[in-house]
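A.B. asks: Data: run-v1.txt, compact mmCIF, C-alpha atoms and all ligand atoms.
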# COMPACT_ATOMS: atom_id res chain seq x y z
CA MET D 66 2.99 13.72 17.17
CA ASN D 67 0.82 10.83 18.25
CA SER D 68 -2.58 12.39 17.52
CA ILE D 69 -4.44 14.35 14.87
CA ARG D 70 -7.08 16.92 15.85
CA ILE D 71 -9.81 17.71 13.33
CA GLN D 72 -12.52 20.35 13.33
CA GLY D 73 -15.18 18.81 11.11
CA ARG D 74 -17.94 19.92 8.76
CA ILE D 75 -15.84 22.18 6.57
CA ALA D 76 -16.34 21.49 2.86
CA LEU D 77 -13.05 20.84 1.03
CA GLN D 78 -11.94 23.22 -1.71
CA GLY D 79 -8.81 23.64 -3.79
CA LYS D 80 -6.08 21.37 -5.01
CA VAL D 81 -3.45 19.09 -3.54
CA ARG D 82 -0.55 17.23 -5.10
CA ILE D 83 -0.55 13.46 -4.57
CA GLN D 84 2.65 11.96 -3.14
CA GLY D 85 4.57 9.04 -4.65
CA SER D 86 3.26 5.53 -4.07
CA LYS D 87 4.29 3.64 -0.95
CA ASN D 88 3.50 0.23 -2.37
CA ALA D 89 5.46 0.96 -5.56
CA SER D 90 8.50 2.46 -3.86
CA LEU D 91 9.12 -0.32 -1.31
CA PRO D 92 9.65 -3.20 -3.81
CA VAL D 93 11.59 -0.88 -6.15
CA LEU D 94 13.91 0.01 -3.27
CA ALA D 95 14.33 -3.70 -2.50
CA ALA D 96 15.08 -4.28 -6.19
CA THR D 97 18.02 -1.85 -6.09
CA LEU D 98 19.83 -4.69 -4.28
CA LEU D 99 19.92 -6.64 -7.53
CA THR D 100 21.94 -3.99 -9.34
CA ARG D 101 25.66 -3.33 -9.17
CA GLY D 102 25.50 0.43 -9.28
CA CYS D 103 23.62 3.60 -8.41
CA SER D 104 19.92 4.21 -8.90
CA CYS D 105 18.07 7.45 -8.36
CA ILE D 106 14.49 6.80 -7.25
CA ARG D 107 12.49 9.97 -7.85
CA ASN D 108 9.18 10.88 -6.21
CA CYS D 109 9.80 8.44 -3.37
CA PRO D 110 7.43 9.40 -0.53
CA ARG D 111 9.00 10.52 2.76
CA ILE D 112 6.98 8.16 4.92
CA SER D 113 8.07 6.00 7.83
CA ASP D 114 7.85 2.73 5.85
CA VAL D 115 10.30 4.16 3.30
CA HIS D 116 12.61 5.38 6.12
CA SER D 117 12.54 1.83 7.55
CA MET D 118 13.40 0.37 4.15
CA VAL D 119 16.27 2.86 3.81
CA SER D 120 17.65 1.73 7.21
CA LEU D 121 17.37 -1.88 6.11
CA LEU D 122 19.24 -1.22 2.87
CA LYS D 123 21.96 0.63 4.80
CA SER D 124 22.29 -2.22 7.28
CA LEU D 125 22.85 -4.55 4.31
CA GLY D 126 25.74 -2.41 3.05
CA CYS D 127 24.07 -0.06 0.53
CA SER D 128 24.80 3.62 0.59
CA VAL D 129 21.52 5.57 0.53
CA HIS D 130 21.03 9.36 0.48
CA TRP D 131 18.08 11.67 0.08
CA GLN D 132 18.93 14.18 -2.63
CA GLU D 133 16.85 16.98 -4.05
CA LYS D 134 15.96 14.96 -7.14
CA GLY D 135 15.22 11.74 -5.27
CA LEU D 136 16.61 8.88 -3.24
CA ALA D 137 20.07 7.81 -4.39
CA VAL D 138 20.88 4.15 -3.71
CA ASP D 139 24.28 2.67 -4.38
CA SER D 140 24.16 -1.12 -4.09
CA SER D 141 27.64 -1.93 -5.34
CA GLN D 142 28.61 -3.19 -1.89
CA VAL D 143 26.10 -5.53 -0.28
CA ARG D 144 27.74 -7.14 2.72
CA ARG D 145 25.42 -9.93 3.73
CA GLY D 146 21.92 -11.32 3.57
CA GLU D 147 21.13 -10.92 7.24
CA MET D 148 18.47 -8.46 8.25
CA PRO D 149 18.27 -6.76 11.65
CA GLN D 150 15.44 -8.08 13.77
CA GLU D 151 13.60 -4.88 14.69
CA ALA D 152 13.35 -3.58 11.13
CA VAL D 153 11.93 -6.76 9.67
CA THR D 154 9.31 -7.57 12.27
CA GLY D 155 7.87 -4.05 12.07
CA MET D 156 7.12 -3.96 8.36
CA ARG D 157 5.57 -6.69 6.25
CA SER D 158 6.71 -5.09 3.03
CA SER D 159 10.30 -5.84 4.08
CA LEU D 160 9.34 -9.35 2.97
CA CYS D 161 10.22 -8.33 -0.60
CA LEU D 162 13.82 -8.18 0.58
CA LEU D 163 13.63 -11.97 0.75
CA GLY D 164 13.43 -12.38 -3.04
CA ALA D 165 15.92 -9.56 -3.64
CA LEU D 166 18.52 -10.89 -1.19
CA LEU D 167 18.15 -14.43 -2.49
CA GLY D 168 18.86 -13.02 -5.95
CA ARG D 169 21.86 -11.05 -4.75
CA CYS D 170 23.44 -13.15 -1.98
CA ARG D 171 21.80 -16.57 -2.46
CA GLU D 172 21.33 -16.63 1.29
CA VAL D 173 18.99 -14.85 3.72
CA VAL D 174 18.42 -14.86 7.46
CA MET D 175 15.35 -12.92 8.65
CA GLU D 176 12.69 -12.69 11.31
CA HIS D 177 9.11 -13.45 10.43
CA PRO D 178 7.87 -10.12 8.97
CA GLY D 179 5.20 -8.07 10.72
CA GLY D 180 2.99 -5.28 9.33
CA CYS D 181 -0.43 -3.83 9.92
CA VAL D 182 -2.64 -5.68 12.36
CA ILE D 183 -5.08 -6.84 9.71
CA GLY D 184 -5.31 -10.56 9.97
CA GLU D 185 -2.85 -13.40 9.90
CA ARG D 186 -1.13 -12.49 6.63
CA PRO D 187 0.66 -15.82 6.12
CA ILE D 188 3.65 -16.14 3.77
CA ASP D 189 2.99 -19.67 2.51
CA LEU D 190 2.62 -18.53 -1.13
CA HIS D 191 6.01 -16.79 -1.01
CA LEU D 192 7.73 -19.82 0.51
CA SER D 193 6.14 -22.39 -1.78
CA ALA D 194 6.99 -20.37 -4.93
CA LEU D 195 10.59 -19.81 -3.88
CA ARG D 196 10.96 -23.50 -2.99
CA GLN D 197 9.97 -24.33 -6.56
CA MET D 198 12.88 -22.11 -7.64
CA GLY D 199 15.37 -24.15 -5.64
CA VAL D 200 15.31 -22.26 -2.32
CA VAL D 201 15.66 -24.34 0.85
CA PHE D 202 14.07 -22.91 4.01
CA THR D 203 14.87 -23.85 7.59
CA GLU D 204 13.79 -22.24 10.84
CA ARG D 205 16.09 -21.74 13.82
CA GLU D 206 15.05 -19.97 17.03
CA GLY D 207 12.16 -18.27 15.25
CA ARG D 208 14.37 -16.99 12.43
CA LEU D 209 13.86 -17.95 8.84
CA MET D 210 16.98 -19.15 7.01
CA ALA D 211 16.84 -19.40 3.22
CA LYS D 212 19.51 -20.82 0.94
CA ALA D 213 19.52 -20.91 -2.83
CA SER D 214 22.82 -22.18 -4.15
CA GLY D 215 21.17 -23.15 -7.43
CA LEU D 216 18.42 -20.55 -7.92
CA HIS D 217 16.58 -21.58 -11.06
CA GLY D 218 13.52 -20.61 -13.08
CA ALA D 219 10.24 -22.48 -12.63
CA ARG D 220 6.63 -22.40 -13.74
CA ILE D 221 4.68 -21.16 -10.74
CA CYS D 222 0.89 -21.18 -10.50
CA LEU D 223 -0.32 -18.85 -7.77
CA PRO D 224 -3.66 -20.02 -6.30
CA PHE D 225 -4.34 -16.37 -5.32
CA PRO D 226 -2.82 -13.29 -7.01
CA SER D 227 -0.77 -12.22 -3.99
CA VAL D 228 0.98 -8.90 -4.60
CA GLY D 229 3.91 -9.63 -2.31
CA ALA D 230 4.42 -13.19 -3.57
CA THR D 231 4.36 -12.01 -7.21
CA GLU D 232 6.96 -9.35 -6.35
CA ASN D 233 9.21 -11.84 -4.55
CA ILE D 234 9.09 -14.28 -7.46
CA ILE D 235 9.97 -11.49 -9.91
CA LEU D 236 12.88 -10.34 -7.72
CA ALA D 237 14.32 -13.84 -7.39
CA GLY D 238 13.42 -14.69 -11.00
CA VAL D 239 15.49 -11.94 -12.63
CA MET D 240 18.61 -13.39 -10.99
CA ALA D 241 17.71 -17.09 -11.45
CA ASP D 242 19.08 -19.37 -14.16
CA GLY D 243 16.51 -19.78 -16.93
CA ASP D 244 12.96 -18.52 -17.26
CA THR D 245 10.36 -18.14 -14.53
CA ILE D 246 6.71 -18.14 -15.53
CA ILE D 247 4.06 -16.91 -13.10
CA GLU D 248 0.50 -17.98 -13.82
CA GLY D 249 -2.10 -16.14 -11.76
CA ALA D 250 0.22 -13.21 -11.04
CA ALA D 251 -1.04 -10.05 -9.32
CA CYS D 252 -1.78 -7.29 -11.87
CA GLU D 253 -1.55 -4.31 -9.47
CA PRO D 254 0.08 -1.15 -10.92
CA GLU D 255 2.78 -1.50 -8.25
CA VAL D 256 3.83 -4.86 -9.74
CA ILE D 257 4.08 -3.12 -13.12
CA SER D 258 6.28 -0.40 -11.59
CA LEU D 259 8.62 -3.05 -10.20
CA CYS D 260 8.88 -4.72 -13.63
CA GLN D 261 9.48 -1.36 -15.28
CA TYR D 262 12.26 -0.47 -12.87
CA LEU D 263 13.94 -3.86 -13.36
CA CYS D 264 13.63 -3.61 -17.16
CA CYS D 265 15.23 -0.13 -17.05
CA CYS D 266 18.11 -1.80 -15.17
CA GLY D 267 18.52 -4.42 -17.91
CA ALA D 268 16.09 -7.22 -16.95
CA PHE D 269 13.82 -8.88 -19.50
CA ILE D 270 10.24 -9.40 -18.28
CA GLU D 271 7.21 -10.03 -20.47
CA GLY D 272 3.51 -9.70 -19.68
CA GLU D 273 3.60 -6.73 -17.27
CA GLY D 274 0.13 -5.94 -16.06
CA SER D 275 -1.27 -9.34 -17.05
CA SER D 276 -1.78 -12.43 -14.91
CA ARG D 277 0.95 -14.33 -16.83
CA LEU D 278 4.46 -13.02 -16.39
CA VAL D 279 7.58 -14.41 -18.01
CA ILE D 280 10.85 -13.44 -16.34
CA HIS D 281 13.97 -14.24 -18.30
CA GLY D 282 16.63 -14.69 -15.63
CA GLY D 283 20.37 -14.28 -15.50
CA LYS D 284 20.75 -10.75 -16.90
CA LYS D 285 23.31 -8.39 -15.37
CA LEU D 286 21.55 -5.34 -13.94
CA CYS D 287 22.90 -1.82 -13.65
CA GLY D 288 21.48 1.19 -11.78
CA THR D 289 19.04 3.60 -13.39
CA ASP D 290 16.87 6.69 -12.84
CA PHE D 291 13.27 5.81 -12.09
CA THR D 292 10.22 7.84 -11.12
CA ILE D 293 7.69 6.35 -8.68
CA PRO D 294 4.09 6.97 -9.82
CA ALA D 295 1.59 8.88 -7.67
CA ASP D 296 -0.08 6.90 -4.89
CA ARG D 297 -3.53 5.67 -5.97
CA ILE D 298 -4.47 4.86 -2.36
CA VAL D 299 -3.59 8.33 -1.05
CA ALA D 300 -5.46 9.83 -4.02
CA GLY D 301 -8.46 7.61 -3.18
CA THR D 302 -8.33 8.64 0.48
CA TYR D 303 -8.56 12.34 -0.43
CA LEU D 304 -11.19 11.66 -3.09
CA PHE D 305 -13.46 9.90 -0.57
CA GLY D 306 -12.53 12.58 1.98
CA CYS D 307 -14.11 15.12 -0.38
CA ILE D 308 -17.18 12.96 -1.01
CA GLY D 309 -17.69 12.62 2.76
CA ALA D 310 -16.91 16.18 3.83
CA GLY D 311 -18.42 17.91 0.79
CA GLY D 312 -16.92 20.45 -1.61
CA CYS D 313 -14.89 20.06 -4.78
CA VAL D 314 -11.18 19.40 -5.15
CA LEU D 315 -8.49 18.69 -7.71
CA LEU D 316 -6.13 15.82 -6.89
CA GLU D 317 -3.08 16.79 -8.90
CA GLN D 318 -1.25 13.95 -10.65
CA ALA D 319 -3.65 11.36 -9.23
CA PRO D 320 -3.30 8.23 -11.42
CA GLY D 321 -6.89 8.07 -12.71
CA ARG D 322 -6.07 5.29 -15.20
CA ASP D 323 -5.18 2.97 -12.31
CA MET D 324 -8.27 3.93 -10.32
CA THR D 325 -11.15 2.83 -12.53
CA ALA D 326 -12.95 0.82 -9.81
CA VAL D 327 -12.40 3.61 -7.27
CA LEU D 328 -13.74 6.31 -9.59
CA ARG D 329 -16.74 4.11 -10.41
CA ALA D 330 -17.48 3.67 -6.69
CA ALA D 331 -17.12 7.43 -6.13
CA GLU D 332 -19.61 8.06 -8.95
CA GLN D 333 -22.02 5.52 -7.49
CA MET D 334 -21.81 7.47 -4.24
CA GLY D 335 -23.02 10.49 -6.19
CA GLY D 336 -19.66 12.18 -6.77
CA ARG D 337 -19.03 13.95 -10.06
CA ILE D 338 -15.64 12.90 -11.29
CA TYR D 339 -13.49 14.19 -14.10
CA SER D 340 -10.15 12.48 -14.69
CA SER D 341 -7.45 13.88 -16.99
CA GLN D 342 -3.66 14.10 -17.39
CA GLU D 343 -3.69 16.86 -14.79
CA GLY D 344 -5.28 14.65 -12.14
CA ILE D 345 -8.75 13.91 -10.80
CA TYR D 346 -11.39 16.54 -10.20
CA VAL D 347 -14.11 15.58 -7.67
CA GLN D 348 -17.35 17.31 -6.79
CA ALA D 349 -19.13 15.88 -3.76
CA PRO D 350 -22.86 15.05 -3.63
CA ALA D 351 -25.13 16.65 -1.01
CA ARG D 352 -25.11 13.29 0.77
CA PRO D 353 -23.40 9.99 -0.22
CA VAL D 354 -25.64 7.57 -2.13
CA PRO D 355 -25.60 4.13 -0.46
CA MET D 356 -24.01 1.24 -2.34
CA ARG D 357 -22.74 -2.32 -2.22
CA LEU D 358 -18.97 -2.41 -2.29
CA VAL D 359 -16.80 -5.53 -2.61
CA THR D 360 -13.01 -5.48 -2.40
CA GLU D 361 -11.12 -7.54 -4.96
CA PRO D 362 -7.64 -7.96 -6.42
CA TYR D 363 -6.77 -5.31 -9.04
CA PRO D 364 -8.53 -4.12 -11.19
CA GLY D 365 -11.30 -4.51 -8.58
CA PHE D 366 -11.91 -2.10 -5.71
CA PRO D 367 -8.77 -2.05 -3.49
CA THR D 368 -8.93 -3.36 0.06
CA ASP D 369 -6.73 -0.43 1.11
CA LEU D 370 -9.63 1.97 0.43
CA GLN D 371 -12.34 -0.15 2.02
CA SER D 372 -12.27 1.57 5.42
CA VAL D 373 -12.40 5.07 4.00
CA ALA D 374 -15.37 4.16 1.77
CA LEU D 375 -17.03 2.62 4.83
CA ALA D 376 -16.46 5.82 6.80
CA VAL D 377 -18.08 7.88 4.02
CA GLU D 378 -21.15 5.63 3.88
CA THR D 379 -21.85 6.24 7.59
CA LEU D 380 -23.47 9.49 6.37
CA GLY D 381 -25.12 7.85 3.35
CA CYS D 382 -28.81 8.41 2.68
CA GLY D 383 -29.67 4.71 3.20
CA CYS D 384 -28.07 1.28 3.79
CA SER D 385 -24.75 0.18 2.30
CA ARG D 386 -23.14 -3.23 2.40
CA ILE D 387 -19.33 -3.39 2.46
CA GLU D 388 -17.71 -6.77 1.77
CA GLU D 389 -14.03 -7.48 2.40
CA GLU D 390 -12.66 -10.30 0.27
CA ILE D 391 -8.89 -9.81 0.65
CA PHE D 392 -7.99 -9.56 4.33
CA GLU D 393 -9.73 -10.83 7.43
CA ASN D 394 -9.88 -8.44 10.38
CA ARG D 395 -10.13 -5.31 8.25
CA PHE D 396 -13.18 -3.93 10.02
CA ARG D 397 -11.28 -2.73 13.07
CA ILE D 398 -12.57 0.82 12.69
CA VAL D 399 -16.21 -0.19 13.14
CA GLY D 400 -16.10 0.28 16.94
CA GLU D 401 -14.37 3.66 16.55
CA LEU D 402 -16.93 4.88 13.99
CA GLU D 403 -19.71 3.76 16.33
CA LYS D 404 -18.24 6.02 19.03
CA MET D 405 -18.84 8.87 16.56
CA GLY D 406 -22.50 7.91 16.16
CA ALA D 407 -22.29 5.61 13.12
CA GLU D 408 -24.74 2.72 12.82
CA ILE D 409 -22.93 -0.36 11.59
CA ARG D 410 -23.84 -4.02 11.92
CA GLN D 411 -21.20 -6.64 11.34
CA GLU D 412 -22.97 -9.45 9.47
CA ASN D 413 -19.99 -11.81 9.51
CA ALA D 414 -16.18 -11.64 9.38
CA LYS D 415 -16.31 -10.44 5.76
CA SER D 416 -19.28 -8.13 5.61
CA VAL D 417 -20.82 -5.10 7.34
CA LEU D 418 -24.11 -3.31 6.87
CA VAL D 419 -23.94 0.47 7.29
CA ARG D 420 -27.13 2.43 7.97
CA GLY D 421 -26.43 6.05 7.10
CA VAL D 422 -27.11 8.60 9.85
CA GLU D 423 -27.79 12.34 9.55
CA GLN D 424 -24.74 13.31 11.52
CA LEU D 425 -21.51 12.00 13.09
CA HIS D 426 -20.16 13.74 16.18
CA GLY D 427 -16.53 14.33 17.01
CA THR D 428 -14.91 12.39 19.84
CA HIS D 429 -11.66 10.62 20.71
CA VAL D 430 -10.95 7.60 18.49
CA GLU D 431 -7.92 5.41 17.99
CA ALA D 432 -6.13 4.35 14.79
CA LYS D 433 -5.32 0.65 14.95
CA GLU D 434 -3.76 0.27 11.52
CA LEU D 435 -2.65 2.44 8.59
CA ARG D 436 -5.68 2.65 6.29
CA GLY D 437 -8.24 2.45 9.08
CA GLY D 438 -6.40 5.36 10.71
CA ALA D 439 -6.67 7.48 7.58
CA ALA D 440 -10.38 6.58 7.40
CA LEU D 441 -10.85 7.95 10.93
CA VAL D 442 -9.30 11.26 9.85
CA VAL D 443 -11.84 11.34 7.01
CA ALA D 444 -14.64 10.55 9.49
CA GLY D 445 -13.35 13.47 11.58
CA LEU D 446 -13.69 15.79 8.56
CA MET D 447 -17.30 14.65 8.21
CA ALA D 448 -18.23 14.93 11.91
CA GLU D 449 -19.78 17.79 13.84
CA GLY D 450 -17.31 19.29 16.34
CA GLU D 451 -13.83 18.12 17.23
CA THR D 452 -12.37 14.65 16.62
CA VAL D 453 -9.04 13.51 18.02
CA VAL D 454 -7.47 10.48 16.34
CA SER D 455 -4.70 8.86 18.38
CA GLY D 456 -2.31 6.12 17.23
CA CYS D 457 -1.23 8.24 14.27
CA PRO D 458 2.24 6.69 13.78
CA TYR D 459 0.27 4.03 11.86
CA ILE D 460 -0.95 6.72 9.48
CA TYR D 461 2.55 8.17 8.99
CA ARG D 462 3.66 4.80 7.64
CA GLY D 463 1.83 5.58 4.43
CA TYR D 464 0.93 9.31 4.31
CA GLU D 465 3.69 11.92 4.03
CA ASN D 466 1.64 14.62 5.65
CA ILE D 467 -2.09 13.97 5.75
CA CYS D 468 -2.72 17.04 7.92
CA ARG D 469 -0.91 19.44 5.56
CA ASP D 470 -2.68 17.89 2.56
CA PHE D 471 -6.16 18.29 4.05
CA ARG D 472 -5.24 21.82 5.24
CA GLU D 473 -4.36 22.67 1.61
CA LEU D 474 -7.96 21.73 0.88
CA GLY D 475 -9.20 24.12 3.54
CA ALA D 476 -9.77 21.62 6.36
CA ARG D 477 -8.89 22.41 9.99
CA VAL D 478 -6.56 19.52 10.81
CA VAL D 479 -3.44 19.57 13.00
CA SER D 480 -1.10 16.95 14.40
CA VAL D 481 -0.64 17.26 18.15
C1 LIG D 501 0.00 -5.70 -0.63
C2 LIG D 501 0.00 -4.26 -0.22
C3 LIG D 501 -1.19 -3.95 0.68
C4 LIG D 501 -2.47 -4.37 -0.01
C5 LIG D 501 -2.39 -5.82 -0.47
C6 LIG D 501 -3.60 -6.26 -1.29
C7 LIG D 501 2.34 -3.64 -0.20
C8 LIG D 501 3.52 -3.23 0.61
N1 LIG D 501 1.23 -3.96 0.48
O1 LIG D 501 0.14 -6.47 0.57
O2 LIG D 501 -1.20 -2.55 0.93
O3 LIG D 501 -3.53 -4.24 0.91
O4 LIG D 501 -1.23 -6.01 -1.29
O5 LIG D 501 -3.78 -5.42 -2.37
O6 LIG D 501 2.38 -3.63 -1.41
N2 LIG D 501 -1.79 -14.41 1.47
C9 LIG D 501 -1.64 -15.71 1.85
N3 LIG D 501 -0.40 -16.29 1.76
C10 LIG D 501 0.68 -15.60 1.29
C11 LIG D 501 0.51 -14.25 0.90
C12 LIG D 501 -0.74 -13.68 1.00
O7 LIG D 501 -2.58 -16.38 2.28
O8 LIG D 501 1.78 -16.17 1.22
C13 LIG D 501 -3.12 -13.77 1.60
C14 LIG D 501 -3.08 -12.63 2.62
O9 LIG D 501 -3.22 -13.11 3.94
C15 LIG D 501 -4.24 -11.82 2.16
C16 LIG D 501 -4.21 -11.96 0.65
O10 LIG D 501 -3.45 -13.14 0.39
O11 LIG D 501 -5.43 -12.36 2.65
C17 LIG D 501 -3.59 -10.78 -0.08
O12 LIG D 501 -2.26 -10.63 0.30
P1 LIG D 501 -1.15 -9.99 -0.66
O13 LIG D 501 -1.73 -9.69 -1.99
O14 LIG D 501 0.05 -10.85 -0.59
O15 LIG D 501 -0.88 -8.63 0.09
P2 LIG D 501 0.50 -8.01 0.50
O16 LIG D 501 1.51 -8.22 -0.58
O17 LIG D 501 0.84 -8.43 1.88
Could I get this file's structure written as structure tokens?
C.D. replies:
Amino acid sequence: MNSIRIQGRIALQGKVRIQGSKNASLPVLAATLLTRGCSCIRNCPRISDVHSMVSLLKSLGCSVHWQEKGLAVDSSQVRRGEMPQEAVTGMRSSLCLLGALLGRCREVVMEHPGGCVIGERPIDLHLSALRQMGVVFTEREGRLMAKASGLHGARICLPFPSVGATENIILAGVMADGDTIIEGAACEPEVISLCQYLCCCGAFIEGEGSSRLVIHGGKKLCGTDFTIPADRIVAGTYLFGCIGAGGCVLLEQAPGRDMTAVLRAAEQMGGRIYSSQEGIYVQAPARPVPMRLVTEPYPGFPTDLQSVALAVETLGCGCSRIEEEIFENRFRIVGELEKMGAEIRQENAKSVLVRGVEQLHGTHVEAKELRGGAALVVAGLMAEGETVVSGCPYIYRGYENICRDFRELGARVVSV
């Protein structure tokens, strides 16, 4: 199932349930390593990144099973802190195993993590923070060796609120001696989920959701039942899908409270939005209103929805400027959208100008990374005729079943 075929120009109608969050479930799964018992992680999405994390946990000695109520992880037996090469290089989020394994085994051997092809994605902030906590890093034959015989708390000032670095510090911090204080921590809802899971297991963390976190280390953690919240990025993808393709939809269980900047952008595009406990209701405008959009750390507009917003503005009734402030190289879909008739001018590495056209036309385009791939599916929904998106394994890393979900909304989308 390498490609997705889309028959465009069908307005979306109906409702769809939003899957559990990828970016919340991966660090929570890594955190199970810190407990000496069983956890049941409910609402974990069945996506390829989660399957890779499950394989990694198994290779480390955990017993992991999909059950009807959720993913059961028993971490009473963790054999060693060495991760298999292929699993680690394929998925950057496996980097959060670094903090978790240091907490559990005090020793880690791993490859340099990979991930989406969206820029260099260095890990200097992770390494420098962990060094301050007593971790010693060496490199041998391209592998990263980390040792922390005396893992201790520290006061760490992050120069940028990196999500992954914040998560790694938390994971190591709950097992360290003494308190760890993070100044300039990431405030993303997924960081809050990680703290909540750890606190349910017996950890003591203060300041969740703020940029100053205090982690009181050295507590013994037991397993727990935890429910992963709905995925705000998947919800945002379908929301912008509706704004681009037209129609009105209900995104059941979409976490509106965590999507303030996204809902504001959707309203600026002319969408009518109503958010409640039930989810988010969206009514599309006749044509998207152009806007200036800048990606920022949470609570700003998320970089993971930049490409889909860009795709929508290709049909805007005027010029939009999209600025990417988080990752370099996140405009890789521009060439693909141009094949569909979009008019986009890259001003510099961080900014593009989109001149809305009357119509996109379907053609063959290629997904080159996860979120850009999903944005091409949305562009296909907006385009006249048939679009084929290849490279879809990228999309399956984060979307359980994007074709089924859009079909529930009346679209003609199949994986081939
Ligand atoms: C996480 C998300 C990803 C999202 C991103 C930003 C997961 C699994 N992934 O990625 O979907 O797009 O947050 O919201 O949760 N940086 C450094 N040095 C470091 C670490 C990061 O320079 O040591 C830079 C990165 O290159 C990037 C920026 O900081 O430019 C943001 O990265 P970060 O917040 O760490 O993102 P991830 O945790 O990788």
A.B. asks: Kindly indicate which residue among D:Trp131, D:Phe269, D:Tyr339, D:Phe225 lies nearest to ligand LIG 501 (chain D), using only C-alpha atoms and all ligand atoms for the distances.
C.D. replies: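 For ligand LIG 501 (chain D), the nearest of the given residues is D:Phe225.
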A.B. asks: Using only C-alpha atoms and all ligand atoms, determine which residues fall within 9 Å of ligand LIG 501 (chain D), then list them as a PyMOL selection string.
C.D. replies: chain D and resi 87-92+156-161+180+183-193+225-232+251+253+255-256+298+361-363+367-370+390-393+436
A.B. asks: Out of D:Val419, D:Gln371, D:Ile71, D:Leu121, which residue has the shortest atom-to-atom distance to Gly475 of chain D when counting all atoms listed in the file?
C.D. replies: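 Checking each candidate against Gly475 of chain D, we get D:Ile71 as the closest.
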A.B. asks: Output as JSON lines one row per residue of segment 318-407 of chain D within 12 Å of segment 454-459 of chain D: the closest atom pair and its distance in Å to one decimal place, counting all atoms listed in the file, sorted by chain and residue number ascending.
C.D. replies:
{"residue": "D:Ile398", "atom": "CA", "partner": "D:Val454", "partner_atom": "CA", "distance": 11.5}
{"residue": "D:Glu401", "atom": "CA", "partner": "D:Val454", "partner_atom": "CA", "distance": 9.7}
{"residue": "D:Leu402", "atom": "CA", "partner": "D:Val454", "partner_atom": "CA", "distance": 11.2}
{"residue": "D:Lys404", "atom": "CA", "partner": "D:Val454", "partner_atom": "CA", "distance": 12.0}
{"residue": "D:Met405", "atom": "CA", "partner": "D:Val454", "partner_atom": "CA", "distance": 11.5}
A.B. asks: Identify the residues within 7 Å of coordinate (-4.6, 16.3, -8.7) (same frame as the file), considering all atoms listed in the file, and give the answer as a compact mmCIF listing (two decimals) with C-alpha atoms, in the coordinates of the input.
C.D. replies:
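See selection-v2.txt below for the written result:
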# COMPACT_ATOMS: atom_id res chain seq x y z
CA LYS D 80 -6.08 21.37 -5.01
CA VAL D 81 -3.45 19.09 -3.54
CA ARG D 82 -0.55 17.23 -5.10
CA ILE D 83 -0.55 13.46 -4.57
CA LEU D 315 -8.49 18.69 -7.71
CA LEU D 316 -6.13 15.82 -6.89
CA GLU D 317 -3.08 16.79 -8.90
CA GLN D 318 -1.25 13.95 -10.65
CA ALA D 319 -3.65 11.36 -9.23
CA GLU D 343 -3.69 16.86 -14.79
CA GLY D 344 -5.28 14.65 -12.14
CA ILE D 345 -8.75 13.91 -10.80
CA TYR D 346 -11.39 16.54 -10.20
A.B. asks: Give me the residues within 6 Å of Gly283 of chain D as a PDB file with C-alpha atoms, keeping the file's coordinate frame, counting only C-alpha atoms and dropping any in the same chain fewer than 3 places off.
C.D. replies:
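File around.pdb, as written:
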ATOM      1  CA  MET D 240      18.610 -13.390 -10.990  1.00  0.00           C
ATOM      2  CA  ALA D 241      17.710 -17.090 -11.450  1.00  0.00           C
ATOM      3  CA  ASP D 242      19.080 -19.370 -14.160  1.00  0.00           C
TER       4      ASP D 242
END
A.B. asks: Quick one: distance from atom CA of Gly102 of chain D to atom CA of Cys127 of chain D in Å, one decimal?
C.D. replies: 9.9 Å
A.B. asks: What separation in Å, quoted to one decimal, exists between atom CA of Ala476 of chain D and atom CA of Leu77 of chain D?
C.D. replies: 6.3 Å
A.B. asks: May I ask for the distance between atom CA of Ala211 of chain D and atom CA of Arg196 of chain D, given in Å to one decimal place?
C.D. replies: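 Value for the atom CA of Ala211 of chain D-atom CA of Arg196 of chain D distance: 9.5 Å.
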A.B. asks: Pick out the residues sitting within 8 Å of Thr379 of chain D, and hand them over as a PyMOL selection string; count all atoms listed in the file, and ignore anything fewer than 4 positions along from it in its own chain.
C.D. replies: chain D and resi 375+407-409+419-422+425
A.B. asks: Take the residues from that selection and write them out as a PDB file, in the coordinates of the input, keeping C-alpha atoms.
C.D. replies:
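Result saved to result_20.pdb:
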ATOM      1  CA  LEU D 375     -17.030   2.620   4.830  1.00  0.00           C
ATOM      2  CA  ALA D 407     -22.290   5.610  13.120  1.00  0.00           C
ATOM      3  CA  GLU D 408     -24.740   2.720  12.820  1.00  0.00           C
ATOM      4  CA  ILE D 409     -22.930  -0.360  11.590  1.00  0.00           C
ATOM      5  CA  VAL D 419     -23.940   0.470   7.290  1.00  0.00           C
ATOM      6  CA  ARG D 420     -27.130   2.430   7.970  1.00  0.00           C
ATOM      7  CA  GLY D 421     -26.430   6.050   7.100  1.00  0.00           C
ATOM      8  CA  VAL D 422     -27.110   8.600   9.850  1.00  0.00           C
ATOM      9  CA  LEU D 425     -21.510  12.000  13.090  1.00  0.00           C
TER      10      LEU D 425
END
A.B. asks: Measuring between all atoms listed in the file, which one of D:Ser372, D:Gln197, D:Ser113, D:Ser104 shows the shortest distance to Asp139 of chain D?
C.D. replies: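 Closest candidate: D:Ser104.
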A.B. asks: For the point (-19.2, -13.1, 11.5) in file coordinates, what residues are within 12 Å, counting only C-alpha atoms? Give the answer as a PyMOL selection string?
C.D. replies: chain D and resi 388-389+393-394+396+410-418
